[in-house]
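> My structure is stored as data-v9.cif, with mmCIF, N, CA and C atoms.
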```cif
data_target
loop_
_atom_site.label_atom_id
_atom_site.label_comp_id
_atom_site.auth_asym_id
_atom_site.auth_seq_id
_atom_site.Cartn_x
_atom_site.Cartn_y
_atom_site.Cartn_z
N MET P 1 -12.82 13.04 -39.06
CA MET P 1 -13.80 13.14 -40.11
C MET P 1 -15.19 13.00 -39.52
N SER P 2 -16.11 13.74 -40.07
CA SER P 2 -17.47 13.68 -39.56
C SER P 2 -18.32 12.74 -40.43
N ILE P 3 -19.45 12.39 -39.90
CA ILE P 3 -20.36 11.48 -40.59
C ILE P 3 -21.18 12.29 -41.61
N CYS P 4 -21.29 11.77 -42.83
CA CYS P 4 -22.06 12.44 -43.87
C CYS P 4 -23.46 11.84 -43.92
N PRO P 5 -24.49 12.68 -43.88
CA PRO P 5 -25.85 12.14 -43.96
C PRO P 5 -26.14 11.62 -45.37
N LYS P 6 -26.89 10.51 -45.44
CA LYS P 6 -27.21 9.93 -46.75
C LYS P 6 -28.28 10.74 -47.47
N ASN P 7 -29.29 11.21 -46.74
CA ASN P 7 -30.39 11.94 -47.36
C ASN P 7 -30.50 13.32 -46.73
N LYS P 8 -31.11 14.22 -47.52
CA LYS P 8 -31.31 15.58 -47.05
C LYS P 8 -32.52 15.63 -46.10
N HIS P 9 -32.36 16.36 -45.00
CA HIS P 9 -33.49 16.59 -44.10
C HIS P 9 -34.33 17.71 -44.68
N SER P 10 -35.62 17.57 -44.62
CA SER P 10 -36.50 18.61 -45.13
C SER P 10 -36.45 19.83 -44.22
N ALA P 11 -36.92 20.96 -44.74
CA ALA P 11 -36.92 22.20 -43.96
C ALA P 11 -37.82 22.08 -42.74
N ALA P 12 -38.94 21.37 -42.89
CA ALA P 12 -39.85 21.19 -41.76
C ALA P 12 -39.19 20.37 -40.66
N ARG P 13 -38.49 19.32 -41.03
CA ARG P 13 -37.82 18.48 -40.04
C ARG P 13 -36.67 19.25 -39.38
N ARG P 14 -35.95 20.04 -40.16
CA ARG P 14 -34.87 20.86 -39.61
C ARG P 14 -35.42 21.89 -38.63
N ASP P 15 -36.52 22.56 -39.01
CA ASP P 15 -37.08 23.60 -38.17
C ASP P 15 -37.77 23.05 -36.93
N LYS P 16 -38.23 21.79 -36.99
CA LYS P 16 -38.85 21.17 -35.82
C LYS P 16 -37.85 21.04 -34.67
N THR P 17 -36.61 20.72 -34.99
CA THR P 17 -35.62 20.57 -33.94
C THR P 17 -35.20 21.93 -33.38
N ARG P 18 -35.32 22.98 -34.15
CA ARG P 18 -34.94 24.32 -33.70
C ARG P 18 -36.08 25.04 -33.00
N ALA P 19 -37.24 24.42 -32.91
CA ALA P 19 -38.42 25.08 -32.33
C ALA P 19 -38.23 25.39 -30.85
N HIS P 20 -37.39 24.65 -30.16
CA HIS P 20 -37.23 24.83 -28.72
C HIS P 20 -35.98 25.64 -28.38
N TRP P 21 -35.30 26.22 -29.35
CA TRP P 21 -34.09 27.01 -29.10
C TRP P 21 -34.46 28.47 -28.91
N LYS P 22 -35.34 28.76 -27.97
CA LYS P 22 -35.77 30.14 -27.81
C LYS P 22 -35.14 30.74 -26.55
N MET P 23 -35.03 32.05 -26.56
CA MET P 23 -34.51 32.76 -25.40
C MET P 23 -35.59 32.81 -24.33
N SER P 24 -35.17 32.80 -23.08
CA SER P 24 -36.12 32.94 -21.98
C SER P 24 -35.78 34.20 -21.19
N ASN P 25 -36.77 34.75 -20.52
CA ASN P 25 -36.55 35.94 -19.71
C ASN P 25 -35.67 35.58 -18.52
N SER P 26 -34.77 36.48 -18.16
CA SER P 26 -33.92 36.23 -17.02
C SER P 26 -34.72 36.41 -15.74
N THR P 27 -34.45 35.58 -14.76
CA THR P 27 -35.16 35.63 -13.49
C THR P 27 -34.59 36.76 -12.64
N LEU P 28 -35.46 37.56 -12.07
CA LEU P 28 -35.05 38.65 -11.19
C LEU P 28 -35.69 38.47 -9.83
N VAL P 29 -34.91 38.75 -8.77
CA VAL P 29 -35.41 38.70 -7.40
C VAL P 29 -35.10 40.01 -6.73
N LYS P 30 -35.79 40.29 -5.61
CA LYS P 30 -35.53 41.51 -4.87
C LYS P 30 -34.35 41.31 -3.93
N CYS P 31 -33.50 42.32 -3.83
CA CYS P 31 -32.38 42.30 -2.89
C CYS P 31 -32.94 42.35 -1.48
N SER P 32 -32.36 41.56 -0.56
CA SER P 32 -32.87 41.51 0.80
C SER P 32 -32.56 42.78 1.59
N LYS P 33 -31.54 43.54 1.14
CA LYS P 33 -31.17 44.75 1.87
C LYS P 33 -31.83 46.00 1.30
N CYS P 34 -31.67 46.23 -0.01
CA CYS P 34 -32.16 47.49 -0.59
C CYS P 34 -33.45 47.33 -1.38
N GLY P 35 -33.82 46.11 -1.74
CA GLY P 35 -35.07 45.89 -2.46
C GLY P 35 -34.97 46.07 -3.96
N ALA P 36 -33.78 46.31 -4.49
CA ALA P 36 -33.60 46.47 -5.94
C ALA P 36 -33.67 45.11 -6.61
N LEU P 37 -34.08 45.10 -7.89
CA LEU P 37 -34.14 43.85 -8.64
C LEU P 37 -32.74 43.43 -9.06
N MET P 38 -32.44 42.15 -8.89
CA MET P 38 -31.11 41.62 -9.22
C MET P 38 -31.26 40.18 -9.64
N MET P 39 -30.22 39.64 -10.28
CA MET P 39 -30.23 38.23 -10.64
C MET P 39 -29.90 37.40 -9.40
N PRO P 40 -30.54 36.23 -9.24
CA PRO P 40 -30.30 35.44 -8.04
C PRO P 40 -28.87 34.89 -7.97
N HIS P 41 -28.38 34.74 -6.76
CA HIS P 41 -27.04 34.18 -6.47
C HIS P 41 -25.93 35.06 -7.03
N ARG P 42 -26.13 36.38 -7.03
CA ARG P 42 -25.11 37.32 -7.48
C ARG P 42 -25.10 38.51 -6.54
N VAL P 43 -23.99 39.24 -6.55
CA VAL P 43 -23.87 40.44 -5.73
C VAL P 43 -24.80 41.51 -6.28
N CYS P 44 -25.50 42.22 -5.40
CA CYS P 44 -26.40 43.30 -5.82
C CYS P 44 -25.56 44.47 -6.33
N LYS P 45 -25.92 44.98 -7.50
CA LYS P 45 -25.15 46.07 -8.10
C LYS P 45 -25.40 47.40 -7.41
N SER P 46 -26.57 47.55 -6.78
CA SER P 46 -26.88 48.84 -6.18
C SER P 46 -26.32 49.01 -4.77
N CYS P 47 -26.32 47.93 -3.97
CA CYS P 47 -25.81 48.08 -2.60
C CYS P 47 -24.55 47.25 -2.32
N GLY P 48 -24.21 46.30 -3.17
CA GLY P 48 -22.97 45.53 -3.01
C GLY P 48 -23.04 44.43 -1.99
N THR P 49 -24.24 43.92 -1.68
CA THR P 49 -24.36 42.84 -0.70
C THR P 49 -24.70 41.52 -1.38
N TYR P 50 -24.33 40.43 -0.70
CA TYR P 50 -24.71 39.09 -1.13
C TYR P 50 -24.95 38.26 0.12
N ASN P 51 -26.09 37.62 0.20
CA ASN P 51 -26.47 36.77 1.33
C ASN P 51 -26.39 37.56 2.64
N LYS P 52 -26.91 38.79 2.60
CA LYS P 52 -26.97 39.71 3.75
C LYS P 52 -25.59 40.08 4.29
N ARG P 53 -24.54 39.97 3.48
CA ARG P 53 -23.19 40.39 3.86
C ARG P 53 -22.68 41.41 2.87
N GLN P 54 -21.95 42.40 3.34
CA GLN P 54 -21.38 43.43 2.48
C GLN P 54 -20.16 42.85 1.77
N ILE P 55 -20.21 42.77 0.46
CA ILE P 55 -19.13 42.18 -0.32
C ILE P 55 -18.30 43.29 -0.98
N ILE P 56 -18.98 44.24 -1.60
CA ILE P 56 -18.31 45.33 -2.30
C ILE P 56 -18.56 46.61 -1.52
N ALA P 57 -17.48 47.31 -1.19
CA ALA P 57 -17.61 48.58 -0.48
C ALA P 57 -18.13 49.65 -1.44
N GLN P 58 -19.19 50.35 -1.04
CA GLN P 58 -19.77 51.39 -1.87
C GLN P 58 -19.10 52.72 -1.57
N VAL P 59 -18.73 53.44 -2.62
CA VAL P 59 -18.09 54.74 -2.49
C VAL P 59 -19.19 55.80 -2.41
N ALA P 60 -19.08 56.71 -1.44
CA ALA P 60 -20.07 57.79 -1.30
C ALA P 60 -19.91 58.77 -2.44
N GLU P 61 -21.03 59.12 -3.06
CA GLU P 61 -20.99 60.04 -4.21
C GLU P 61 -21.28 61.44 -3.78
#
```
Can you present the structure in this file as structure tokens?

Amino acid sequence: MSICPKNKHSAARRDKTRAHWKMSNSTLVKCSKCGALMMPHRVCKSCGTYNKRQIIAQVAE
């Protein structure tokens, strides 16, 4: 069972707590091999490298 509040919180008080629940822009860094923008600490989608090592083999198109 959950705790029931005795009094109603006003809309201003409710919205004050939600004021900091905003989305933030994702951080992007340049790939060390190809220079494409990517999320940090992840494999680069364009060249398939991570930490200057080839992780995913790229298929020639």
> Would you work out the distance separating CA of Met39 in chain P from CA of Lys52 in chain P, expressed in Å to one decimal?
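Answer for the CA of Met39 in chain P to CA of Lys52 in chain P separation: 14.8 Å.
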> Which residues in chain P does DSSP call strand (DSSP E or B)? List them as a ChimeraX atom specification.
/P:29-30,37-38,49-50,53-54
> Would you mind reading off the distance between CA of Ser26 in chain P and CA of Gln58 in chain P, one decimal, in Å?
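A separation of 25.7 Å between them.
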> Let me have the centre and edge lengths in Å, one decimal, of the box along x, y and z around every listed atom of range 2-15 of chain P with 6 Å of margin on each side, as JSON.

```
{"center_x": -28.0, "center_y": 16.8, "center_z": -42.2, "size_x": 35.7, "size_y": 25.7, "size_z": 22.6}
```
> What does the distance between CA of His41 in chain P and atom N of Arg53 in chain P come to in Å, to one decimal place?
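Between these atoms lies a distance of 11.8 Å.
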> For Ile56 in chain P, work out the shell of residues within 12 Å, counting only C-alpha atoms and skipping chain neighbours fewer than 5 positions away, then give it as a ChimeraX atom specification.
/P:42-50
> Residues of chain P classed as helix (DSSP H, G or I) by DSSP on the backbone are to be reported as a list in words.
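Selecting the helix (DSSP H, G or I) positions of chain P gives Ala11, Ala12, Arg13, Arg14, Asp15, Lys16, Thr17, Arg18, Ala19 and His20 of chain P.
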> Can you pull out the residues contacting Lys30 in chain P? Cut-off 8 Å, using only N, CA and C atoms, and skip same-chain residues under 6 positions away; I want them as a PyMOL selection string.
chain P and resi 36-40
